[in-house]
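See below for start_2.txt, which holds compact mmCIF, C-alpha atoms and all ligand atoms.
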```txt
# COMPACT_ATOMS: atom_id res chain seq x y z
CA MET A 655 -41.60 39.86 82.29
CA ILE A 656 -40.69 36.16 82.52
CA LEU A 657 -39.46 35.18 79.07
CA LEU A 658 -40.49 31.58 78.46
CA THR A 659 -40.49 31.43 74.65
CA PRO A 660 -38.39 28.70 72.98
CA GLY A 661 -35.99 31.31 71.72
CA PRO A 662 -34.88 33.90 72.43
CA THR A 663 -34.55 32.71 76.00
CA ALA A 664 -33.66 34.62 79.17
CA VAL A 665 -30.01 35.61 79.71
CA PRO A 666 -28.67 35.08 83.26
CA GLU A 667 -27.42 38.19 85.05
CA THR A 668 -23.91 36.75 85.41
CA VAL A 669 -23.71 36.39 81.63
CA ARG A 670 -25.06 39.89 81.01
CA ALA A 671 -22.43 41.20 83.43
CA ALA A 672 -19.66 39.31 81.60
CA MET A 673 -20.74 41.04 78.38
CA SER A 674 -20.76 44.53 79.88
CA THR A 675 -16.99 45.07 79.71
CA GLU A 676 -15.37 47.48 77.27
CA THR A 677 -15.42 46.40 73.64
CA ILE A 678 -12.10 44.91 72.58
CA HIS A 679 -10.68 44.58 69.07
CA HIS A 680 -11.00 41.13 67.52
CA ARG A 681 -7.45 41.05 66.09
CA THR A 682 -5.72 41.03 69.46
CA LYS A 683 -3.98 38.44 71.63
CA GLU A 684 -6.54 39.19 74.31
CA PHE A 685 -9.49 38.22 72.13
CA GLU A 686 -7.64 35.26 70.58
CA ALA A 687 -7.22 33.79 74.06
CA ILE A 688 -10.96 34.13 74.74
CA PHE A 689 -11.74 32.66 71.33
CA ALA A 690 -9.38 29.72 71.93
CA SER A 691 -10.90 28.80 75.26
CA THR A 692 -14.45 29.18 73.90
CA ARG A 693 -13.53 26.95 70.95
CA GLU A 694 -12.21 24.20 73.22
CA MET A 695 -15.32 24.30 75.40
CA LEU A 696 -17.54 24.20 72.29
CA LYS A 697 -15.80 21.04 71.05
CA LYS A 698 -16.45 19.51 74.45
CA LEU A 699 -20.11 20.60 74.37
CA PHE A 700 -20.61 19.05 70.92
CA GLY A 701 -18.41 16.04 71.71
CA MET A 702 -16.88 16.52 68.26
CA PRO A 703 -13.29 17.09 67.01
CA GLU A 704 -13.93 20.46 65.35
CA ALA A 705 -16.15 23.47 66.08
CA LEU A 706 -16.88 26.72 64.25
CA MET A 707 -18.51 29.96 65.38
CA LEU A 708 -20.33 32.04 62.78
CA VAL A 709 -21.77 35.52 63.10
CA SER A 710 -25.39 34.88 62.16
CA SER A 711 -28.61 33.60 63.59
CA GLY A 712 -29.13 29.85 63.40
CA SER A 713 -30.47 29.97 59.86
CA GLY A 714 -27.15 31.30 58.54
CA THR A 715 -25.44 28.23 59.89
CA MET A 716 -28.12 26.01 58.33
CA GLU A 717 -27.34 27.74 55.02
CA ALA A 718 -23.60 27.23 55.52
CA ALA A 719 -24.15 23.52 56.13
CA VAL A 720 -26.30 23.06 53.02
CA LEU A 721 -23.78 24.94 50.83
CA ASN A 722 -20.61 23.33 52.18
CA LEU A 723 -21.70 19.75 52.81
CA THR A 724 -23.85 18.94 49.78
CA HIS A 725 -21.83 18.15 46.66
CA LYS A 726 -24.55 16.26 44.80
CA LYS A 727 -27.99 16.07 46.35
CA ALA A 728 -29.52 16.86 49.73
CA LEU A 729 -32.26 14.99 51.53
CA THR A 730 -34.28 17.23 53.84
CA ILE A 731 -36.80 16.19 56.47
CA ASN A 732 -39.74 18.60 56.53
CA GLY A 733 -41.94 18.10 59.57
CA GLY A 734 -42.35 21.77 60.44
CA LYS A 735 -41.07 25.31 59.83
CA PHE A 736 -37.41 24.51 60.48
CA GLY A 737 -37.31 21.31 58.45
CA GLU A 738 -39.00 23.20 55.64
CA ARG A 739 -36.25 25.83 55.86
CA PHE A 740 -33.51 23.40 54.81
CA GLY A 741 -35.44 22.77 51.58
CA LYS A 742 -35.96 26.49 51.02
CA ILE A 743 -32.23 27.10 51.42
CA ALA A 744 -31.37 24.34 48.94
CA LYS A 745 -33.87 25.80 46.48
CA ALA A 746 -32.52 29.34 46.87
CA PHE A 747 -29.01 28.15 45.97
CA ASN A 748 -30.03 25.70 43.25
CA VAL A 749 -28.79 22.78 45.31
CA ASP A 750 -30.51 19.61 44.10
CA TYR A 751 -32.66 18.20 46.90
CA LYS A 752 -35.35 15.74 47.81
CA GLU A 753 -37.71 16.38 50.69
CA ILE A 754 -39.45 13.90 52.96
CA VAL A 755 -42.64 15.55 54.18
CA VAL A 756 -43.68 14.48 57.67
CA GLU A 757 -47.06 15.37 59.12
CA TRP A 758 -46.76 18.16 61.71
CA GLY A 759 -46.64 16.75 65.23
CA GLU A 760 -45.06 13.49 64.10
CA SER A 761 -41.47 12.26 63.98
CA VAL A 762 -39.90 11.01 60.77
CA SER A 763 -39.70 7.23 60.50
CA VAL A 764 -36.23 5.75 60.18
CA ASP A 765 -37.50 3.51 57.36
CA ALA A 766 -38.64 6.48 55.27
CA VAL A 767 -35.11 7.90 55.33
CA VAL A 768 -33.49 4.51 54.75
CA ASN A 769 -35.69 3.95 51.69
CA GLU A 770 -34.65 7.26 50.14
CA ILE A 771 -30.98 6.50 50.71
CA LYS A 772 -31.33 3.03 49.20
CA ASN A 773 -33.27 4.33 46.19
CA ASP A 774 -31.12 7.33 45.36
CA SER A 775 -27.35 6.95 45.53
CA SER A 776 -26.85 10.59 44.51
CA ILE A 777 -27.93 11.78 47.99
CA ASP A 778 -24.76 12.77 49.81
CA ALA A 779 -26.13 14.79 52.76
CA ILE A 780 -29.17 14.59 55.05
CA PHE A 781 -30.58 17.59 56.90
CA ILE A 782 -32.75 16.98 59.93
CA GLN A 783 -33.85 18.73 63.13
CA ILE A 784 -33.20 16.98 66.44
CA SER A 785 -35.98 18.99 68.05
CA GLU A 786 -38.34 20.58 65.49
CA SER A 787 -39.21 23.75 67.37
CA SER A 788 -42.41 24.58 65.47
CA THR A 789 -44.11 21.38 66.65
CA GLY A 790 -42.09 20.37 69.74
CA VAL A 791 -41.26 17.01 68.14
CA ARG A 792 -38.09 15.00 68.77
CA HIS A 793 -36.89 13.27 65.58
CA PRO A 794 -34.99 9.96 66.02
CA VAL A 795 -31.81 11.50 64.61
CA GLU A 796 -29.34 9.09 66.19
CA ALA A 797 -31.22 6.06 64.83
CA VAL A 798 -31.57 7.66 61.39
CA ALA A 799 -27.85 8.47 61.35
CA ALA A 800 -26.82 4.95 62.40
CA GLU A 801 -28.95 3.27 59.72
CA VAL A 802 -27.87 5.64 56.96
CA LYS A 803 -24.19 5.16 57.77
CA LYS A 804 -24.65 1.36 57.48
CA ILE A 805 -25.86 1.86 53.91
CA ASN A 806 -23.46 4.61 52.86
CA PRO A 807 -20.97 6.04 55.36
CA ALA A 808 -20.14 8.90 52.98
CA VAL A 809 -23.58 10.50 53.43
CA MET A 810 -23.19 13.53 55.68
CA ILE A 811 -25.60 13.67 58.60
CA VAL A 812 -26.37 17.29 59.40
CA ALA A 813 -28.37 17.67 62.60
CA ASP A 814 -29.99 20.96 63.51
CA GLY A 815 -29.58 20.86 67.27
CA ILE A 816 -30.52 24.47 67.93
CA THR A 817 -33.12 23.36 70.46
CA ALA A 818 -31.29 20.19 71.55
CA VAL A 819 -27.61 20.96 72.18
CA GLY A 820 -27.29 21.83 75.87
CA VAL A 821 -30.76 20.41 76.52
CA GLU A 822 -30.24 16.65 76.45
CA PRO A 823 -27.43 14.21 75.68
CA ILE A 824 -26.95 13.69 71.93
CA ASP A 825 -25.11 10.64 70.61
CA VAL A 826 -22.86 12.15 67.94
CA THR A 827 -21.25 8.84 66.89
CA ASN A 828 -22.82 9.09 63.41
CA ILE A 829 -23.40 12.84 63.17
CA ASP A 830 -21.13 14.92 60.92
CA CYS A 831 -22.40 18.42 61.54
CA LEU A 832 -24.27 19.54 64.64
CA ILE A 833 -25.71 23.03 64.51
CA THR A 834 -26.68 25.34 67.34
CA GLY A 835 -27.30 29.01 68.01
CA SER A 836 -26.81 31.49 70.80
CA GLN A 837 -30.39 32.43 71.67
CA LYS A 838 -31.92 29.13 72.75
CA ALA A 839 -30.31 26.61 75.10
CA LEU A 840 -27.13 28.67 75.28
CA MET A 841 -29.02 31.49 77.01
CA LEU A 842 -27.42 34.37 75.10
CA PRO A 843 -28.82 37.17 72.96
CA PRO A 844 -29.30 36.26 69.27
CA GLY A 845 -26.49 36.74 66.76
CA LEU A 846 -23.96 33.92 67.11
CA ALA A 847 -24.30 30.42 65.70
CA MET A 848 -22.04 27.41 66.02
CA MET A 849 -21.47 24.02 64.51
CA GLY A 850 -19.61 20.91 65.59
CA LEU A 851 -17.94 18.94 62.79
CA SER A 852 -16.70 15.38 62.37
CA ASP A 853 -13.35 14.64 60.71
CA ALA A 854 -15.25 13.44 57.63
CA ALA A 855 -17.18 16.71 57.44
CA VAL A 856 -13.95 18.72 57.70
CA ALA A 857 -12.43 16.65 54.87
CA LYS A 858 -15.49 17.19 52.68
CA ILE A 859 -15.54 20.94 53.33
CA GLU A 860 -11.84 21.26 52.52
CA ALA A 861 -12.15 19.12 49.38
CA LYS A 862 -14.43 21.63 47.69
CA PRO A 863 -14.67 25.08 49.31
CA ALA A 864 -18.02 26.77 48.72
CA GLY A 865 -19.64 30.13 49.30
CA PHE A 866 -18.18 33.44 50.37
CA TYR A 867 -19.34 34.75 53.75
CA PHE A 868 -20.21 31.20 54.80
CA ASN A 869 -17.17 29.55 53.22
CA LEU A 870 -16.41 27.02 55.93
CA ALA A 871 -13.02 26.07 54.49
CA THR A 872 -11.91 29.69 55.04
CA GLU A 873 -13.40 29.67 58.54
CA LEU A 874 -11.66 26.40 59.42
CA LYS A 875 -8.32 27.84 58.33
CA ASN A 876 -8.82 30.95 60.45
CA GLN A 877 -10.54 29.52 63.49
CA ARG A 878 -7.87 26.86 63.95
CA LYS A 879 -5.58 29.85 64.52
CA ASN A 880 -8.14 31.31 66.93
CA THR A 881 -9.21 34.09 64.66
CA THR A 882 -12.09 34.55 62.21
CA ALA A 883 -12.37 35.33 58.50
CA TRP A 884 -14.64 38.32 59.19
CA THR A 885 -15.14 40.46 62.28
CA ALA A 886 -15.95 38.19 65.20
CA ALA A 887 -18.99 38.72 67.41
CA THR A 888 -16.66 39.70 70.23
CA THR A 889 -19.21 40.47 72.93
CA LEU A 890 -21.29 37.37 72.23
CA THR A 891 -18.14 35.24 72.21
CA ILE A 892 -17.27 36.59 75.66
CA GLY A 893 -20.83 35.75 76.75
CA LEU A 894 -20.58 32.25 75.29
CA ASN A 895 -17.31 31.70 77.12
CA LYS A 896 -19.05 32.55 80.40
CA VAL A 897 -22.10 30.38 79.60
CA LEU A 898 -19.97 27.35 78.74
CA ALA A 899 -17.64 27.78 81.71
CA ASP A 900 -20.68 27.93 84.01
CA LEU A 901 -22.33 24.94 82.32
CA PHE A 902 -19.24 22.77 82.75
CA GLU A 903 -18.83 23.92 86.33
CA GLN A 904 -22.43 22.95 87.06
CA GLY A 905 -21.94 19.72 85.09
CA LEU A 906 -23.77 19.12 81.82
CA GLU A 907 -25.49 16.07 83.29
CA ASN A 908 -26.88 18.23 86.09
CA LYS A 909 -28.13 20.82 83.62
CA PHE A 910 -29.83 18.10 81.55
CA ARG A 911 -31.43 16.69 84.71
CA GLU A 912 -32.69 20.13 85.76
CA ILE A 913 -34.29 20.74 82.35
CA GLU A 914 -35.86 17.28 82.41
CA LYS A 915 -37.34 17.86 85.87
CA ILE A 916 -38.84 21.21 84.86
CA ALA A 917 -40.24 19.74 81.63
CA LYS A 918 -41.78 16.81 83.53
CA ALA A 919 -43.33 19.03 86.20
CA THR A 920 -44.71 21.44 83.59
CA ARG A 921 -46.29 18.58 81.67
CA ALA A 922 -47.71 17.02 84.84
CA ALA A 923 -49.32 20.40 85.62
CA LEU A 924 -50.77 20.94 82.15
CA ASP A 925 -52.03 17.34 81.98
CA ALA A 926 -53.69 17.85 85.37
CA ILE A 927 -55.80 20.72 84.02
CA GLY A 928 -56.96 18.64 81.08
CA LEU A 929 -54.73 19.97 78.34
CA LYS A 930 -53.37 17.71 75.63
CA GLN A 931 -49.76 17.54 74.55
CA TYR A 932 -49.43 18.18 70.80
CA PRO A 933 -46.39 16.14 69.66
CA LYS A 934 -46.51 12.35 69.83
CA ASN A 935 -42.82 12.15 70.68
CA PRO A 936 -42.07 15.42 72.51
CA ALA A 937 -38.61 16.95 72.68
CA LEU A 938 -37.35 18.07 76.10
CA SER A 939 -36.66 21.61 74.94
CA MET A 940 -40.24 22.82 75.25
CA SER A 941 -43.74 21.76 76.20
CA THR A 942 -46.19 22.11 73.31
CA TYR A 943 -49.89 21.87 74.15
CA GLU A 944 -53.08 22.10 72.15
CA LEU A 945 -55.55 24.87 72.92
CA ASP A 946 -58.12 26.36 70.62
CA GLY A 947 -57.82 30.11 71.14
CA ALA A 948 -54.26 29.87 72.49
CA ASN A 949 -53.53 33.46 71.45
CA ALA A 950 -56.08 34.93 73.87
CA LEU A 951 -54.48 32.94 76.67
CA ARG A 952 -51.01 34.14 75.67
CA LYS A 953 -52.15 37.74 75.59
CA LEU A 954 -53.71 37.47 79.06
CA LEU A 955 -50.55 35.81 80.39
CA GLN A 956 -48.47 38.72 79.12
CA ASN A 957 -50.77 41.50 80.23
CA GLU A 958 -51.82 40.24 83.65
CA PHE A 959 -49.26 37.68 84.73
CA LYS A 960 -45.99 38.89 83.15
CA VAL A 961 -45.38 35.55 81.46
CA ASN A 962 -44.36 35.42 77.81
CA ILE A 963 -44.90 32.06 76.09
CA ALA A 964 -44.99 31.26 72.36
CA GLY A 965 -47.86 30.29 70.10
CA GLY A 966 -48.03 28.23 66.93
CA GLN A 967 -47.09 29.07 63.36
CA ASP A 968 -48.98 28.60 60.08
CA HIS A 969 -52.02 26.31 60.55
CA LEU A 970 -51.14 25.88 64.23
CA ASN A 971 -51.58 29.60 64.88
CA ASP A 972 -54.06 30.00 67.77
CA LYS A 973 -54.15 26.18 68.15
CA ILE A 974 -51.10 25.47 70.33
CA PHE A 975 -48.83 27.18 72.84
CA ARG A 976 -45.20 26.41 73.60
CA ILE A 977 -43.37 26.88 76.90
CA ASN A 978 -39.58 26.92 76.87
CA HIS A 979 -37.43 24.73 79.15
CA MET A 980 -34.03 25.54 77.62
CA GLY A 981 -31.23 27.58 79.10
CA TYR A 982 -31.90 29.78 82.08
CA VAL A 983 -35.25 28.84 83.62
CA GLU A 984 -35.73 29.03 87.39
CA VAL A 985 -38.14 26.51 88.90
CA TYR A 986 -40.27 29.39 90.22
CA HIS A 987 -40.58 30.79 86.70
CA ALA A 988 -41.94 27.49 85.41
CA ALA A 989 -44.16 26.99 88.47
CA TRP A 990 -45.65 30.47 88.08
CA ALA A 991 -46.24 29.93 84.36
CA VAL A 992 -48.44 26.87 84.90
CA GLU A 993 -50.31 28.50 87.78
CA ALA A 994 -50.90 31.60 85.67
CA ILE A 995 -52.21 29.42 82.83
CA GLU A 996 -54.71 27.80 85.17
CA ILE A 997 -55.95 31.16 86.50
CA ALA A 998 -56.12 32.59 82.97
CA MET A 999 -58.18 29.60 81.85
CA GLU A 1000 -60.84 30.44 84.45
CA LYS A 1001 -60.80 34.08 83.37
CA LEU A 1002 -61.34 32.93 79.78
CA ASN A 1003 -64.19 30.63 80.90
CA ILE A 1004 -62.34 27.53 79.75
CA ARG A 1005 -62.06 25.72 83.06
CA LYS A 1006 -62.78 26.41 86.76
CA PHE A 1007 -59.68 27.12 88.85
CA ASP A 1008 -58.91 24.53 91.54
CA ALA A 1009 -55.10 24.81 91.84
CA SER A 1010 -54.55 21.42 90.17
CA ALA A 1011 -51.68 22.76 88.08
CA SER A 1012 -49.64 24.01 91.03
CA ARG A 1013 -50.25 20.84 92.99
CA ALA A 1014 -49.18 18.60 90.13
CA PHE A 1015 -46.13 20.77 89.44
CA ALA A 1016 -44.99 20.72 93.08
CA ARG A 1017 -45.58 17.00 93.46
CA SER A 1018 -43.65 16.16 90.30
CA PHE A 1019 -40.76 18.54 90.89
CA TYR A 1020 -40.23 18.26 94.64
CA LEU A 1021 -41.79 15.01 95.78
CA GLU A 1022 -41.30 12.66 92.85
CA GLY A 1023 -38.22 14.29 91.31
C1 LIG B 1101 -34.47 28.86 66.26
C2 LIG B 1101 -34.19 27.72 65.38
C3 LIG B 1101 -33.41 27.87 64.22
C4 LIG B 1101 -32.75 29.14 63.79
O1 LIG B 1101 -33.55 30.20 63.67
P1 LIG B 1101 -32.92 31.67 63.65
O2 LIG B 1101 -34.11 32.51 63.83
O3 LIG B 1101 -32.27 31.84 62.34
O4 LIG B 1101 -31.94 31.71 64.76
C5 LIG B 1101 -33.16 26.75 63.47
N1 LIG B 1101 -33.64 25.55 63.81
C6 LIG B 1101 -34.39 25.37 64.91
C7 LIG B 1101 -34.86 24.00 65.23
C8 LIG B 1101 -34.68 26.45 65.73
O5 LIG B 1101 -35.41 26.26 66.83
```
Once you've parsed the file, please lay out its structure as structure tokens.
Amino acid sequence: MILLTPGPTAVPETVRAAMSTETIHHRTKEFEAIFASTREMLKKLFGMPEALMLVSSGSGTMEAAVLNLTHKKALTINGGKFGERFGKIAKAFNVDYKEIVVEWGESVSVDAVVNEIKNDSSIDAIFIQISESSTGVRHPVEAVAAEVKKINPAVMIVADGITAVGVEPIDVTNIDCLITGSQKALMLPPGLAMMGLSDAAVAKIEAKPAGFYFNLATELKNQRKNTTAWTAATTLTIGLNKVLADLFEQGLENKFREIEKIAKATRAALDAIGLKQYPKNPALSMSTYELDGANALRKLLQNEFKVNIAGGQDHLNDKIFRINHMGYVEVYHAAWAVEAIEIAMEKLNIRKFDASASRAFARSFYLEG
């Protein structure tokens, strides 16, 4: 089966092999050395002075950020399932918050955020997705961060980059906390999450330690010594070390370029068979297209073509499908996915097959680049 869902994503064989060694204890010099080198590569990946690894899925790290970086009031941007989650976390912990609701499929406007910051000086942290995975939208995080910092540099900008870090360049000049997880662009199994931190974020965390399992002040103290407060995810850390070493050997720019080419070719193919892209400002991480009855197409793709793509959530269930471009995707996986979609569409009596998808994919990927 070709796994082309926007998380979990496929794990390369070299990475699976790296994780197949004997389990080692986490309180050993051997593991500390692996942890140290992974930590340094993570800082480089984020482009930030500090990095933490947490044993959780991405949502745990979102929770840690809300708890440790909001002292007064949070501002959350809800334009989909993941933006909504920041608000749900704040609510669950009685953290005061205000939510900007954005219509699904749209990006937040910089002005809307600026207005909230100007009108409410108690807001001391903003939580926003770079790529909102439920809609495939790219939010203008860098622009939001720059404008907010002009008004009040003390406001923490927390960017959920789970489907953006390792996908495209992110300008972290004004970002204080950049979150990612193992099972998307970092092409690992689920279970490890990471965050990059600015010096200001570190100072704020240390000024008022919060939480227990996700107490980031405790983690900072430990991880600076290349150990962890609780048992480390040893095997996933070894996998992450391999992923990052390979990424830097390939060159991040080259990886970004490869993802961009696959995304472009996929979109050219789906456009060529008359499908409509759902988000107005699409993120590079995935292609999100409208299709009434998308679930029947997905089922056929799985059963007859060995391609697994994602559908939509909530009111978008059965209305959209999403194809992943993050992490480990071979060009022939992506090319087969769009061809299979075109064949499946004929089988479902949606559109006659004429090989337009394959032609557009090949032209875009190989002839136009
Ligand atoms: C996947 C994802 C998360 C984290 O979800 P988990 O299931 O907890 O790993 C958070 N934000 C975005 C944008 C995501 O795509």
Show me a table, sorted first by chain and then by increasing residue number, of the residues of segment 885-995 of chain A having an atom at most 8 Å from segment 679-696 of chain A, each with its shortest atom pair and the distance in Å to one decimal, counting only C-alpha atoms and written as CSV.
```
residue,atom,partner,partner_atom,distance
A:Thr885,CA,A:His680,CA,6.7
A:Ala886,CA,A:His680,CA,6.2
A:Thr888,CA,A:His680,CA,6.4
A:Thr891,CA,A:Phe689,CA,7.0
A:Ile892,CA,A:Ile688,CA,6.8
A:Leu894,CA,A:Thr692,CA,7.0
A:Asn895,CA,A:Thr692,CA,5.0
A:Leu898,CA,A:Met695,CA,6.5
A:Ala899,CA,A:Met695,CA,7.6
```
Requested in this report: Between A:Leu870, A:Ile731, A:Leu1021, A:Ala989, single out the one closest to ligand LIG 1101 (chain B), counting all atoms listed in the file.
Outcome: A:Ile731
Query raised in the report: Counting all atoms listed in the file, which protein, DNA or RNA residues come within 10 Å of ligand LIG 1101 (chain B), given as a count of residues only?
Result: 45
Report summary line: Expressed in Å, the length from atom CA of Phe700 of chain A to atom CA of Phe866 of chain A is 25.2 Å
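Among A:Val802, A:Leu851, A:Ala1011, A:Val819, the residue with the shortest atom-to-atom distance to Pro703 of chain A, counting all atoms listed in the file, is A:Leu851.
Shortest separation to Ala864 of chain A among A:His987, A:Lys1001, A:Lys1006, A:His725 occurs at residue A:His725, atoms counted being all atoms listed in the file.
Among the candidates A:Pro933, A:Pro863, A:Gly850, A:Gly981, the residue lying nearest to Glu760 of chain A is A:Pro933 (atoms considered: all atoms listed in the file).
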Query raised in the report: So which one's closest to Glu873 of chain A, A:Ala923, A:Leu706, A:Leu658, A:Ile977? Using only C-alpha atoms, please.
Result: A:Leu706
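For the pair atom CA of Lys727 of chain A and atom CA of Gln877 of chain A, the separation is 27.9 Å.
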Report task. Excluding Ala857 of chain A and any residue of its chain fewer than 3 positions from it, enumerate the residues within 12 Å of it, using only C-alpha atoms, and give them as a PyMOL selection string. Result -> chain A and resi 704+722-723+808+810+830+851-854+860-863+870-871+874
Resulting file, chosen residues, C-alpha atoms, as a compact mmCIF listing (two decimals), keeping the file's coordinate frame:
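Final output, part30.txt:
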```txt
# COMPACT_ATOMS: atom_id res chain seq x y z
CA GLU A 704 -13.93 20.46 65.35
CA ASN A 722 -20.61 23.33 52.18
CA LEU A 723 -21.70 19.75 52.81
CA ALA A 808 -20.14 8.90 52.98
CA MET A 810 -23.19 13.53 55.68
CA ASP A 830 -21.13 14.92 60.92
CA LEU A 851 -17.94 18.94 62.79
CA SER A 852 -16.70 15.38 62.37
CA ASP A 853 -13.35 14.64 60.71
CA ALA A 854 -15.25 13.44 57.63
CA GLU A 860 -11.84 21.26 52.52
CA ALA A 861 -12.15 19.12 49.38
CA LYS A 862 -14.43 21.63 47.69
CA PRO A 863 -14.67 25.08 49.31
CA LEU A 870 -16.41 27.02 55.93
CA ALA A 871 -13.02 26.07 54.49
CA LEU A 874 -11.66 26.40 59.42
```
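With distances restricted to all atoms listed in the file, A:Ile656 is the closest residue to Lys960 of chain A from A:Ser776, A:Pro936, A:Ile656, A:Ala887.
Shown here are all protein and nucleic acid residues lying within 9 Å of (-25.1, 15.9, 80.8), with all atoms listed in the file considered: A:Gly820, A:Val821, A:Glu822, A:Pro823, A:Gly905, A:Leu906, A:Glu907, A:Asn908, A:Lys909, A:Phe910, A:Arg911.
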